>>> print(open('query-v7.cif').read())   # mmCIF, C-alpha atoms and all ligand atoms
data_data
#
loop_
_atom_site.group_PDB
_atom_site.id
_atom_site.type_symbol
_atom_site.label_atom_id
_atom_site.label_comp_id
_atom_site.auth_asym_id
_atom_site.auth_seq_id
_atom_site.Cartn_x
_atom_site.Cartn_y
_atom_site.Cartn_z
ATOM 1 C CA MET R 1 -26.128 2.651 -11.593
ATOM 2 C CA HIS R 2 -22.681 4.187 -11.183
ATOM 3 C CA SER R 3 -23.087 7.872 -11.637
ATOM 4 C CA CYS R 4 -26.708 8.871 -11.534
ATOM 5 C CA GLY R 5 -28.064 11.678 -9.420
ATOM 6 C CA LEU R 6 -29.913 9.202 -7.299
ATOM 7 C CA LEU R 7 -26.628 7.650 -6.264
ATOM 8 C CA THR R 8 -25.281 11.055 -5.231
ATOM 9 C CA ILE R 9 -28.395 11.768 -3.196
ATOM 10 C CA MET R 10 -28.249 8.406 -1.508
ATOM 11 C CA LEU R 11 -24.581 8.850 -0.713
ATOM 12 C CA LEU R 12 -25.294 12.224 0.835
ATOM 13 C CA ALA R 13 -28.130 10.699 2.823
ATOM 14 C CA ASP R 14 -25.705 8.015 3.891
ATOM 15 C CA ALA R 15 -23.160 10.581 5.033
ATOM 16 C CA VAL R 16 -25.773 12.503 7.001
ATOM 17 C CA GLU R 17 -26.936 9.352 8.687
ATOM 18 C CA MET R 18 -23.389 8.318 9.457
ATOM 19 C CA PHE R 19 -22.807 11.619 11.257
ATOM 20 C CA SER R 20 -25.642 10.833 13.584
ATOM 21 C CA TRP R 21 -24.166 7.442 14.319
ATOM 22 C CA GLN R 22 -21.915 7.369 17.354
ATOM 23 C CA PRO R 23 -19.957 4.308 18.363
ATOM 24 C CA LYS R 24 -21.019 3.412 21.857
ATOM 25 C CA THR R 25 -17.437 3.722 22.992
ATOM 26 C CA PHE R 26 -17.094 7.398 22.015
ATOM 27 C CA PRO R 27 -16.649 9.846 23.595
ATOM 28 C CA SER R 28 -14.417 8.025 25.941
ATOM 29 C CA LYS R 29 -14.194 8.142 29.671
ATOM 30 C CA GLY R 30 -10.640 6.912 29.244
ATOM 31 C CA LYS R 31 -7.449 8.891 29.187
ATOM 32 C CA GLY R 32 -7.580 10.391 25.759
ATOM 33 C CA ARG R 33 -9.906 11.628 23.126
ATOM 34 C CA TYR R 34 -9.705 8.429 21.139
ATOM 35 C CA SER R 35 -9.372 6.007 23.994
ATOM 36 C CA TYR R 36 -12.091 3.405 23.984
ATOM 37 C CA SER R 37 -11.246 2.047 27.387
ATOM 38 C CA SER R 38 -8.330 0.759 29.351
ATOM 39 C CA THR R 39 -10.159 -2.560 29.290
ATOM 40 C CA LEU R 40 -10.642 -3.510 25.706
ATOM 41 C CA LEU R 41 -14.243 -3.214 24.658
ATOM 42 C CA ARG R 42 -15.067 -5.831 22.106
ATOM 43 C CA ARG R 43 -17.046 -3.768 19.679
ATOM 44 C CA ASN R 44 -16.094 -5.498 16.436
ATOM 45 C CA GLU R 45 -14.481 -8.618 14.998
ATOM 46 C CA GLN R 46 -10.991 -7.103 15.266
ATOM 47 C CA ASP R 47 -11.329 -6.350 18.977
ATOM 48 C CA ILE R 48 -12.755 -9.813 19.630
ATOM 49 C CA ASN R 49 -9.876 -11.476 17.761
ATOM 50 C CA PHE R 50 -7.308 -9.301 19.537
ATOM 51 C CA PHE R 51 -8.837 -10.228 22.884
ATOM 52 C CA LYS R 52 -8.719 -13.918 21.907
ATOM 53 C CA GLY R 53 -5.096 -13.611 20.777
ATOM 54 C CA VAL R 54 -5.748 -14.779 17.215
ATOM 55 C CA SER R 55 -5.313 -11.490 15.304
ATOM 56 C CA GLN R 56 -1.671 -12.069 14.478
ATOM 57 C CA PHE R 57 -2.491 -15.400 12.833
ATOM 58 C CA LEU R 58 -5.008 -13.898 10.442
ATOM 59 C CA TYR R 59 -4.505 -11.657 7.438
ATOM 60 C CA GLN R 60 -5.725 -8.141 8.281
ATOM 61 C CA GLY R 61 -6.921 -9.449 11.638
ATOM 62 C CA ASP R 62 -9.854 -11.617 10.515
ATOM 63 C CA ILE R 63 -9.084 -13.171 7.117
ATOM 64 C CA ALA R 64 -7.979 -16.780 6.689
ATOM 65 C CA MET R 65 -5.679 -17.698 3.825
ATOM 66 C CA THR R 66 -4.679 -20.940 2.152
ATOM 67 C CA ALA R 67 -0.998 -21.934 2.094
ATOM 68 C CA GLU R 68 -0.920 -20.914 -1.572
ATOM 69 C CA GLN R 69 -2.264 -17.459 -0.705
ATOM 70 C CA VAL R 70 0.316 -17.088 2.059
ATOM 71 C CA ARG R 71 3.065 -17.924 -0.448
ATOM 72 C CA GLN R 72 1.673 -15.242 -2.703
ATOM 73 C CA ARG R 73 1.933 -12.842 0.242
ATOM 74 C CA GLY R 74 -1.786 -12.402 0.519
ATOM 75 C CA ARG R 75 -2.054 -10.721 -2.831
ATOM 76 C CA ARG R 76 -4.423 -13.274 -4.176
ATOM 77 C CA ALA R 77 -7.029 -11.835 -6.440
ATOM 78 C CA VAL R 78 -10.440 -12.061 -4.975
ATOM 79 C CA THR R 79 -12.884 -9.853 -6.711
ATOM 80 C CA ARG R 80 -10.824 -10.192 -9.896
ATOM 81 C CA ASP R 81 -10.733 -13.979 -9.556
ATOM 82 C CA ARG R 82 -13.923 -15.330 -11.064
ATOM 83 C CA ARG R 83 -13.438 -18.625 -9.275
ATOM 84 C CA ALA R 84 -13.758 -16.790 -5.944
ATOM 85 C CA LYS R 85 -17.372 -15.920 -6.670
ATOM 86 C CA TRP R 86 -20.099 -18.306 -5.616
ATOM 87 C CA SER R 87 -22.810 -19.785 -7.745
ATOM 88 C CA LEU R 88 -25.798 -18.645 -5.764
ATOM 89 C CA PRO R 89 -27.347 -19.651 -3.517
ATOM 90 C CA LEU R 90 -24.225 -19.971 -1.416
ATOM 91 C CA PRO R 91 -24.274 -23.410 0.230
ATOM 92 C CA TYR R 92 -23.532 -23.417 3.957
ATOM 93 C CA TYR R 93 -24.126 -25.491 7.042
ATOM 94 C CA PHE R 94 -23.766 -25.148 10.781
ATOM 95 C CA ASP R 95 -21.191 -27.319 12.474
ATOM 96 C CA SER R 96 -22.645 -29.466 15.235
ATOM 97 C CA ASN R 97 -20.727 -27.333 17.779
ATOM 98 C CA PHE R 98 -22.545 -24.166 16.732
ATOM 99 C CA PRO R 99 -25.119 -23.013 19.337
ATOM 100 C CA PRO R 100 -28.798 -22.471 18.412
ATOM 101 C CA GLN R 101 -28.858 -18.812 19.497
ATOM 102 C CA GLY R 102 -25.870 -18.137 17.241
ATOM 103 C CA ARG R 103 -27.673 -19.756 14.318
ATOM 104 C CA GLU R 104 -30.542 -17.333 14.653
ATOM 105 C CA ARG R 105 -28.125 -14.436 14.443
ATOM 106 C CA VAL R 106 -26.384 -15.860 11.373
ATOM 107 C CA LEU R 107 -29.721 -16.424 9.630
ATOM 108 C CA GLU R 108 -30.649 -12.833 10.485
ATOM 109 C CA ALA R 109 -27.426 -11.573 8.853
ATOM 110 C CA MET R 110 -28.060 -13.768 5.798
ATOM 111 C CA ARG R 111 -31.577 -12.385 5.503
ATOM 112 C CA TYR R 112 -30.108 -8.881 5.636
ATOM 113 C CA TRP R 113 -27.846 -9.481 2.641
ATOM 114 C CA SER R 114 -30.607 -11.320 0.776
ATOM 115 C CA GLU R 115 -33.079 -8.477 1.304
ATOM 116 C CA LYS R 116 -30.607 -5.821 0.165
ATOM 117 C CA THR R 117 -28.940 -7.703 -2.704
ATOM 118 C CA CYS R 118 -29.526 -10.674 -5.022
ATOM 119 C CA VAL R 119 -27.251 -12.841 -2.849
ATOM 120 C CA THR R 120 -28.959 -15.930 -1.460
ATOM 121 C CA PHE R 121 -27.930 -18.768 0.847
ATOM 122 C CA ARG R 122 -28.994 -22.394 1.079
ATOM 123 C CA GLU R 123 -28.287 -24.861 3.866
ATOM 124 C CA ASP R 124 -26.480 -27.755 2.183
ATOM 125 C CA ARG R 125 -23.576 -29.658 3.677
ATOM 126 C CA ARG R 126 -23.225 -32.136 0.838
ATOM 127 C CA GLN R 127 -22.504 -29.797 -2.038
ATOM 128 C CA ARG R 128 -18.848 -29.571 -2.950
ATOM 129 C CA GLY R 129 -17.696 -26.050 -2.077
ATOM 130 C CA ASN R 130 -19.663 -24.898 0.947
ATOM 131 C CA VAL R 131 -19.160 -22.751 4.037
ATOM 132 C CA ARG R 132 -18.979 -24.524 7.366
ATOM 133 C CA ILE R 133 -20.001 -22.110 10.106
ATOM 134 C CA PHE R 134 -18.456 -23.201 13.365
ATOM 135 C CA GLN R 135 -17.629 -21.931 16.811
ATOM 136 C CA GLY R 136 -13.891 -21.368 16.602
ATOM 137 C CA SER R 137 -11.731 -18.832 18.380
ATOM 138 C CA GLY R 138 -12.696 -15.371 17.176
ATOM 139 C CA CYS R 139 -14.512 -14.155 14.079
ATOM 140 C CA TRP R 140 -12.848 -14.881 10.745
ATOM 141 C CA SER R 141 -13.417 -16.125 7.226
ATOM 142 C CA TYR R 142 -11.718 -16.678 3.912
ATOM 143 C CA VAL R 143 -12.397 -13.997 1.321
ATOM 144 C CA GLY R 144 -14.527 -15.443 -1.446
ATOM 145 C CA ARG R 145 -14.996 -19.047 -2.465
ATOM 146 C CA GLN R 146 -11.946 -21.276 -2.046
ATOM 147 C CA TYR R 147 -12.538 -23.567 -4.991
ATOM 148 C CA ARG R 148 -9.946 -26.096 -3.862
ATOM 149 C CA LEU R 149 -11.741 -26.718 -0.557
ATOM 150 C CA PHE R 150 -14.747 -29.008 -0.268
ATOM 151 C CA SER R 151 -15.824 -27.039 2.768
ATOM 152 C CA GLN R 152 -14.354 -23.733 3.904
ATOM 153 C CA PRO R 153 -14.605 -22.678 7.535
ATOM 154 C CA LEU R 154 -16.116 -19.467 8.863
ATOM 155 C CA SER R 155 -15.544 -19.005 12.573
ATOM 156 C CA LEU R 156 -17.972 -17.169 14.825
ATOM 157 C CA ASP R 157 -17.562 -17.557 18.538
ATOM 158 C CA VAL R 158 -20.246 -16.447 20.953
ATOM 159 C CA SER R 159 -18.860 -12.891 21.180
ATOM 160 C CA CYS R 160 -19.094 -12.507 17.400
ATOM 161 C CA THR R 161 -22.756 -13.441 17.309
ATOM 162 C CA HIS R 162 -23.588 -10.675 19.784
ATOM 163 C CA HIS R 163 -23.171 -8.229 16.921
ATOM 164 C CA LEU R 164 -25.365 -8.641 13.856
ATOM 165 C CA PHE R 165 -23.025 -6.627 11.646
ATOM 166 C CA VAL R 166 -19.932 -8.467 12.796
ATOM 167 C CA VAL R 167 -21.662 -11.580 11.452
ATOM 168 C CA ALA R 168 -22.683 -9.650 8.311
ATOM 169 C CA HIS R 169 -19.035 -8.495 7.950
ATOM 170 C CA GLU R 170 -17.740 -12.084 8.020
ATOM 171 C CA LEU R 171 -20.416 -13.226 5.576
ATOM 172 C CA ALA R 172 -19.353 -10.375 3.282
ATOM 173 C CA HIS R 173 -15.765 -11.688 3.405
ATOM 174 C CA ALA R 174 -16.984 -15.198 2.556
ATOM 175 C CA LEU R 175 -18.885 -13.735 -0.388
ATOM 176 C CA GLY R 176 -15.772 -11.927 -1.652
ATOM 177 C CA LEU R 177 -15.535 -8.454 -0.136
ATOM 178 C CA TYR R 178 -12.219 -7.235 1.252
ATOM 179 C CA HIS R 179 -11.665 -4.520 3.851
ATOM 180 C CA GLU R 180 -12.564 -1.030 2.703
ATOM 181 C CA HIS R 181 -9.542 0.626 4.367
ATOM 182 C CA ALA R 182 -7.276 -1.793 2.444
ATOM 183 C CA ARG R 183 -8.489 -0.646 -0.976
ATOM 184 C CA SER R 184 -5.814 0.086 -3.545
ATOM 185 C CA ASP R 185 -6.889 3.765 -3.602
ATOM 186 C CA ARG R 186 -7.083 4.180 0.178
ATOM 187 C CA ASP R 187 -4.096 6.560 0.419
ATOM 188 C CA ARG R 188 -6.224 9.298 -1.123
ATOM 189 C CA TYR R 189 -8.669 9.020 1.791
ATOM 190 C CA ILE R 190 -6.821 7.871 4.880
ATOM 191 C CA SER R 191 -3.327 7.820 6.300
ATOM 192 C CA ILE R 192 -1.993 5.220 8.696
ATOM 193 C CA ASP R 193 0.195 6.158 11.653
ATOM 194 C CA TYR R 194 2.347 3.052 11.781
ATOM 195 C CA SER R 195 4.188 4.422 14.819
ATOM 196 C CA ASN R 196 0.988 3.860 16.793
ATOM 197 C CA THR R 197 0.136 0.352 15.622
ATOM 198 C CA ASN R 198 0.653 -2.696 17.736
ATOM 199 C CA ALA R 199 4.038 -4.033 16.593
ATOM 200 C CA ASN R 200 2.675 -7.518 15.880
ATOM 201 C CA LEU R 201 -0.167 -6.191 13.794
ATOM 202 C CA THR R 202 1.421 -3.695 11.417
ATOM 203 C CA PHE R 203 0.580 -6.074 8.570
ATOM 204 C CA ALA R 204 -3.104 -5.718 9.442
ATOM 205 C CA PHE R 205 -2.950 -2.357 7.658
ATOM 206 C CA ASN R 206 -1.651 -3.769 4.382
ATOM 207 C CA LYS R 207 -3.007 -2.237 1.231
ATOM 208 C CA GLU R 208 -4.327 -4.302 -1.661
ATOM 209 C CA ASP R 209 -2.961 -4.103 -5.165
ATOM 210 C CA SER R 210 -5.079 -2.720 -7.981
ATOM 211 C CA SER R 211 -3.854 -5.522 -10.222
ATOM 212 C CA THR R 212 -5.404 -8.150 -7.987
ATOM 213 C CA THR R 213 -8.418 -6.486 -6.422
ATOM 214 C CA ASP R 214 -11.216 -4.519 -7.990
ATOM 215 C CA ASN R 215 -12.972 -1.572 -6.368
ATOM 216 C CA LEU R 216 -15.863 -2.162 -8.769
ATOM 217 C CA GLY R 217 -15.994 1.490 -9.721
ATOM 218 C CA THR R 218 -17.326 2.471 -6.304
ATOM 219 C CA SER R 219 -16.136 5.421 -4.263
ATOM 220 C CA TYR R 220 -14.332 5.093 -0.938
ATOM 221 C CA GLU R 221 -16.668 4.686 2.038
ATOM 222 C CA TYR R 222 -15.398 5.738 5.472
ATOM 223 C CA GLY R 223 -18.561 4.366 7.091
ATOM 224 C CA SER R 224 -18.331 0.968 5.416
ATOM 225 C CA VAL R 225 -19.117 -2.026 7.582
ATOM 226 C CA MET R 226 -15.851 -3.400 6.119
ATOM 227 C CA HIS R 227 -13.709 -0.490 7.474
ATOM 228 C CA TYR R 228 -11.560 -0.557 10.624
ATOM 229 C CA ALA R 229 -12.178 1.896 13.456
ATOM 230 C CA LEU R 230 -9.849 4.886 13.706
ATOM 231 C CA ASP R 231 -8.056 3.466 16.755
ATOM 232 C CA GLN R 232 -7.921 -0.170 15.632
ATOM 233 C CA PHE R 233 -4.917 -1.964 17.157
ATOM 234 C CA ALA R 234 -3.554 1.296 18.617
ATOM 235 C CA ARG R 235 -0.600 1.094 20.995
ATOM 236 C CA ASP R 236 -1.673 4.425 22.425
ATOM 237 C CA ALA R 237 -5.455 4.488 22.303
ATOM 238 C CA SER R 238 -5.516 8.209 23.047
ATOM 239 C CA ARG R 239 -4.697 8.918 19.420
ATOM 240 C CA PRO R 240 -5.814 7.405 16.125
ATOM 241 C CA VAL R 241 -4.050 4.904 13.954
ATOM 242 C CA ILE R 242 -6.172 5.782 10.946
ATOM 243 C CA TYR R 243 -6.562 9.467 10.066
ATOM 244 C CA ALA R 244 -9.348 10.402 7.699
ATOM 245 C CA LYS R 245 -8.060 12.934 5.178
ATOM 246 C CA ASP R 246 -11.518 14.418 5.283
ATOM 247 C CA ARG R 247 -11.778 14.954 9.039
ATOM 248 C CA LYS R 248 -15.532 15.132 9.093
ATOM 249 C CA TYR R 249 -15.664 11.405 8.358
ATOM 250 C CA GLU R 250 -13.266 10.267 11.074
ATOM 251 C CA ARG R 251 -16.040 9.200 13.441
ATOM 252 C CA SER R 252 -17.741 7.225 10.690
ATOM 253 C CA MET R 253 -14.904 4.715 10.624
ATOM 254 C CA GLY R 254 -15.515 1.397 12.350
ATOM 255 C CA ASN R 255 -19.269 1.353 11.845
ATOM 256 C CA ARG R 256 -20.833 -1.987 12.731
ATOM 257 C CA MET R 257 -24.374 -0.685 13.101
ATOM 258 C CA ARG R 258 -25.453 -1.474 9.566
ATOM 259 C CA ALA R 259 -24.158 -1.877 6.048
ATOM 260 C CA THR R 260 -24.082 1.342 4.069
ATOM 261 C CA PHE R 261 -25.439 2.072 0.620
ATOM 262 C CA GLN R 262 -21.920 1.630 -0.738
ATOM 263 C CA ASP R 263 -21.471 -1.765 0.948
ATOM 264 C CA ILE R 264 -24.711 -2.926 -0.597
ATOM 265 C CA LEU R 265 -23.725 -1.446 -3.958
ATOM 266 C CA GLN R 266 -20.404 -3.306 -3.879
ATOM 267 C CA MET R 267 -22.141 -6.597 -3.143
ATOM 268 C CA ASN R 268 -24.668 -5.979 -5.904
ATOM 269 C CA LEU R 269 -21.890 -5.181 -8.379
ATOM 270 C CA LEU R 270 -19.795 -8.172 -7.315
ATOM 271 C CA TYR R 271 -22.718 -10.524 -8.004
ATOM 272 C CA ASN R 272 -24.014 -8.634 -11.036
ATOM 273 C CA CYS R 273 -27.376 -8.012 -9.421
ATOM 274 C CA ASN R 274 -28.357 -5.786 -12.325
ATOM 275 C CA GLY R 275 -32.024 -4.990 -12.333
ATOM 276 C CA TRP R 276 -32.487 -6.921 -9.149
HETATM 277 ZN ZN ZN V 301 -12.821 -8.309 8.215
#
>>> encode(input="query-v7.cif", output="structure tokens", more="lines below")
Ligand SMILES: [Zn+2]
Amino acid sequence: MHSCGLLTIMLLADAVEMFSWQPKTFPSKGKGRYSYSSTLLRRNEQDINFFKGVSQFLYQGDIAMTAEQVRQRGRRAVTRDRRAKWSLPLPYYFDSNFPPQGRERVLEAMRYWSEKTCVTFREDRRQRGNVRIFQGSGCWSYVGRQYRLFSQPLSLDVSCTHHLFVVAHELAHALGLYHEHARSDRDRYISIDYSNTNANLTFAFNKEDSSTTDNLGTSYEYGSVMHYALDQFARDASRPVIYAKDRKYERSMGNRMRATFQDILQMNLLYNCNGW
């Protein structure tokens, strides 16, 4: 599964398809090449959270952490922590405040992961260790199962449910996936211009530690649905914050149109969907 020719072909196909994908905000009518607008366009969970003013309270802009994880400076193992994986199907329920149209979108995102991987979901509010999907402020989730919590929240406000792959992104966090641009090996693929990051959000570009997170043997994916956009949290939106070392991939970053082959591979590896 890791190194066959088929994988290479599919990755190439992925790359070709990603080239044809253009974020709706590019090219910009704004001041600079990378500007996505003087008025912030809410194209992903990070923009929505920034607009709502909750980014600075969340790890990497959309990840909730327990007090214990905060004490450990966010370096809690997730994919290396077996307890953070769910026994499938993942039990979840909708909070009574969650609107019906949002539920449809969440179920659509769940179906997406279930069709592409062996991950399944079951509505069950009584089981100890479940995900409570509610309408909070912004789009955020814990990463992986929080085994100490009877019910762990996943917030999706109305703006979040406008985007199928923002919902899929948050579900991927709940299942245990971290951000792609935060991978322990990311410095080989991207560089961060910290001089252009919003001063309150520098920590959003933290890198994970290879001792606590596991890249599952997969290669870096610029087009991952778990990757920030190149101008995420830019002070000056006319230039990037994230530079792709391979320039031809720079416009692939920030994709929220669909999960890529690599995203699906990571989920399959995380849940040992061998032969699925
Ligand atoms: Zn995220």
>>> closest_residue(input="query-v7.cif", among="R:Gly136, R:Pro99, R:Gly61, R:Gly129", to="ligand ZN 301 (chain V)", atoms="only C-alpha atoms and all ligand atoms")
R:Gly61
>>> closest_residue(input="query-v7.cif", among="R:Thr120, R:Ser252, R:Ser238, R:Ser137", to="Tyr271 (chain R)", atoms="only C-alpha atoms")
R:Thr120
>>> residues_around(input="query-v7.cif", residues="Val54 (chain R)", least_positions_apart="3", cutoff="12 Å", atoms="only C-alpha atoms", output="ChimeraX atom specification")
/R:45-51,57-64,136-140,155,200-201
>>> closest_residue(input="query-v7.cif", among="R:Ala244, R:Met267, R:Leu230, R:Val106", to="Val167 (chain R)", atoms="only C-alpha atoms")
R:Val106
>>> atom_distance(input="query-v7.cif", atom1="CA of Lys116 (chain R)", atom2="CA of Ile264 (chain R)")
6.6 Å
>>> residues_around(input="query-v7.cif", residues="Trp113 (chain R)", least_positions_apart="5", cutoff="10 Å", atoms="all atoms listed in the file", output="PyMOL selection string")
chain R and resi 108+118-121+168+171-172+259+264+267-268
>>> atom_distance(input="query-v7.cif", atom1="CA of His169 (chain R)", atom2="CA of Met253 (chain R)")
14.1 Å
>>> resolve_selection(input="query-v7.cif", expression="the PyMOL selection byres (((chain R and resi 240-242) around 10) and not hetatm)", output="number ranges by chain")
R: 33-35, 181, 190-198, 205, 228-239, 243-245, 250, 253
>>> atom_distance(input="query-v7.cif", atom1="CA of Asn215 (chain R)", atom2="CA of Val166 (chain R)")
21.5 Å
>>> build_atoms(input="query-v7.cif", residues="region 157-186 of chain R", atoms="N, CA and C atoms", output="PDB file, in the coordinates of the input")
ATOM      1  N   ASP R 157     -17.333 -17.115  17.168  1.00  0.00           N
ATOM      2  CA  ASP R 157     -17.562 -17.557  18.538  1.00  0.00           C
ATOM      3  C   ASP R 157     -18.712 -16.749  19.133  1.00  0.00           C
ATOM      4  N   VAL R 158     -19.045 -17.046  20.373  1.00  0.00           N
ATOM      5  CA  VAL R 158     -20.246 -16.447  20.953  1.00  0.00           C
ATOM      6  C   VAL R 158     -20.182 -14.919  20.923  1.00  0.00           C
ATOM      7  N   SER R 159     -18.988 -14.355  21.180  1.00  0.00           N
ATOM      8  CA  SER R 159     -18.860 -12.891  21.180  1.00  0.00           C
ATOM      9  C   SER R 159     -19.222 -12.315  19.814  1.00  0.00           C
ATOM     10  N   CYS R 160     -18.841 -13.018  18.761  1.00  0.00           N
ATOM     11  CA  CYS R 160     -19.094 -12.507  17.400  1.00  0.00           C
ATOM     12  C   CYS R 160     -20.589 -12.417  17.134  1.00  0.00           C
ATOM     13  N   THR R 161     -21.326 -13.405  17.627  1.00  0.00           N
ATOM     14  CA  THR R 161     -22.756 -13.441  17.309  1.00  0.00           C
ATOM     15  C   THR R 161     -23.567 -12.471  18.173  1.00  0.00           C
ATOM     16  N   HIS R 162     -22.888 -11.744  19.061  1.00  0.00           N
ATOM     17  CA  HIS R 162     -23.588 -10.675  19.784  1.00  0.00           C
ATOM     18  C   HIS R 162     -23.840  -9.476  18.887  1.00  0.00           C
ATOM     19  N   HIS R 163     -23.096  -9.411  17.786  1.00  0.00           N
ATOM     20  CA  HIS R 163     -23.171  -8.229  16.921  1.00  0.00           C
ATOM     21  C   HIS R 163     -23.630  -8.650  15.529  1.00  0.00           C
ATOM     22  N   LEU R 164     -24.818  -8.248  15.156  1.00  0.00           N
ATOM     23  CA  LEU R 164     -25.365  -8.641  13.856  1.00  0.00           C
ATOM     24  C   LEU R 164     -24.424  -8.269  12.715  1.00  0.00           C
ATOM     25  N   PHE R 165     -23.836  -7.062  12.782  1.00  0.00           N
ATOM     26  CA  PHE R 165     -23.025  -6.627  11.646  1.00  0.00           C
ATOM     27  C   PHE R 165     -21.571  -7.096  11.710  1.00  0.00           C
ATOM     28  N   VAL R 166     -21.189  -7.710  12.808  1.00  0.00           N
ATOM     29  CA  VAL R 166     -19.932  -8.467  12.796  1.00  0.00           C
ATOM     30  C   VAL R 166     -20.172  -9.754  12.001  1.00  0.00           C
ATOM     31  N   VAL R 167     -21.317 -10.383  12.225  1.00  0.00           N
ATOM     32  CA  VAL R 167     -21.662 -11.580  11.452  1.00  0.00           C
ATOM     33  C   VAL R 167     -21.810 -11.208   9.974  1.00  0.00           C
ATOM     34  N   ALA R 168     -22.500 -10.094   9.703  1.00  0.00           N
ATOM     35  CA  ALA R 168     -22.683  -9.650   8.311  1.00  0.00           C
ATOM     36  C   ALA R 168     -21.326  -9.345   7.656  1.00  0.00           C
ATOM     37  N   HIS R 169     -20.390  -8.793   8.425  1.00  0.00           N
ATOM     38  CA  HIS R 169     -19.035  -8.495   7.950  1.00  0.00           C
ATOM     39  C   HIS R 169     -18.340  -9.798   7.518  1.00  0.00           C
ATOM     40  N   GLU R 170     -18.409 -10.818   8.360  1.00  0.00           N
ATOM     41  CA  GLU R 170     -17.740 -12.084   8.020  1.00  0.00           C
ATOM     42  C   GLU R 170     -18.410 -12.752   6.822  1.00  0.00           C
ATOM     43  N   LEU R 171     -19.725 -12.672   6.750  1.00  0.00           N
ATOM     44  CA  LEU R 171     -20.416 -13.226   5.576  1.00  0.00           C
ATOM     45  C   LEU R 171     -19.980 -12.477   4.316  1.00  0.00           C
ATOM     46  N   ALA R 172     -19.795 -11.172   4.433  1.00  0.00           N
ATOM     47  CA  ALA R 172     -19.353 -10.375   3.282  1.00  0.00           C
ATOM     48  C   ALA R 172     -17.963 -10.819   2.825  1.00  0.00           C
ATOM     49  N   HIS R 173     -17.074 -11.134   3.787  1.00  0.00           N
ATOM     50  CA  HIS R 173     -15.765 -11.688   3.405  1.00  0.00           C
ATOM     51  C   HIS R 173     -15.961 -12.992   2.634  1.00  0.00           C
ATOM     52  N   ALA R 174     -16.781 -13.891   3.204  1.00  0.00           N
ATOM     53  CA  ALA R 174     -16.984 -15.198   2.556  1.00  0.00           C
ATOM     54  C   ALA R 174     -17.523 -15.019   1.142  1.00  0.00           C
ATOM     55  N   LEU R 175     -18.320 -13.990   0.939  1.00  0.00           N
ATOM     56  CA  LEU R 175     -18.885 -13.735  -0.388  1.00  0.00           C
ATOM     57  C   LEU R 175     -17.867 -13.103  -1.331  1.00  0.00           C
ATOM     58  N   GLY R 176     -16.823 -12.456  -0.781  1.00  0.00           N
ATOM     59  CA  GLY R 176     -15.772 -11.927  -1.652  1.00  0.00           C
ATOM     60  C   GLY R 176     -15.364 -10.483  -1.406  1.00  0.00           C
ATOM     61  N   LEU R 177     -15.923  -9.845  -0.395  1.00  0.00           N
ATOM     62  CA  LEU R 177     -15.535  -8.454  -0.136  1.00  0.00           C
ATOM     63  C   LEU R 177     -14.311  -8.393   0.778  1.00  0.00           C
ATOM     64  N   TYR R 178     -13.396  -7.504   0.423  1.00  0.00           N
ATOM     65  CA  TYR R 178     -12.219  -7.235   1.252  1.00  0.00           C
ATOM     66  C   TYR R 178     -12.518  -6.076   2.204  1.00  0.00           C
ATOM     67  N   HIS R 179     -11.491  -5.662   2.953  1.00  0.00           N
ATOM     68  CA  HIS R 179     -11.665  -4.520   3.851  1.00  0.00           C
ATOM     69  C   HIS R 179     -11.627  -3.217   3.060  1.00  0.00           C
ATOM     70  N   GLU R 180     -12.483  -2.306   3.419  1.00  0.00           N
ATOM     71  CA  GLU R 180     -12.564  -1.030   2.703  1.00  0.00           C
ATOM     72  C   GLU R 180     -11.284  -0.201   2.889  1.00  0.00           C
ATOM     73  N   HIS R 181     -10.735  -0.200   4.100  1.00  0.00           N
ATOM     74  CA  HIS R 181      -9.542   0.626   4.367  1.00  0.00           C
ATOM     75  C   HIS R 181      -8.299   0.049   3.705  1.00  0.00           C
ATOM     76  N   ALA R 182      -8.422  -1.175   3.122  1.00  0.00           N
ATOM     77  CA  ALA R 182      -7.276  -1.793   2.444  1.00  0.00           C
ATOM     78  C   ALA R 182      -7.351  -1.609   0.934  1.00  0.00           C
ATOM     79  N   ARG R 183      -8.336  -0.853   0.471  1.00  0.00           N
ATOM     80  CA  ARG R 183      -8.489  -0.646  -0.976  1.00  0.00           C
ATOM     81  C   ARG R 183      -7.216  -0.081  -1.599  1.00  0.00           C
ATOM     82  N   SER R 184      -7.026  -0.373  -2.858  1.00  0.00           N
ATOM     83  CA  SER R 184      -5.814   0.086  -3.545  1.00  0.00           C
ATOM     84  C   SER R 184      -5.731   1.612  -3.597  1.00  0.00           C
ATOM     85  N   ASP R 185      -6.884   2.299  -3.517  1.00  0.00           N
ATOM     86  CA  ASP R 185      -6.889   3.765  -3.602  1.00  0.00           C
ATOM     87  C   ASP R 185      -7.009   4.428  -2.221  1.00  0.00           C
ATOM     88  N   ARG R 186      -6.798   3.641  -1.155  1.00  0.00           N
ATOM     89  CA  ARG R 186      -7.083   4.180   0.178  1.00  0.00           C
ATOM     90  C   ARG R 186      -6.203   5.368   0.587  1.00  0.00           C
TER      91      ARG R 186
END
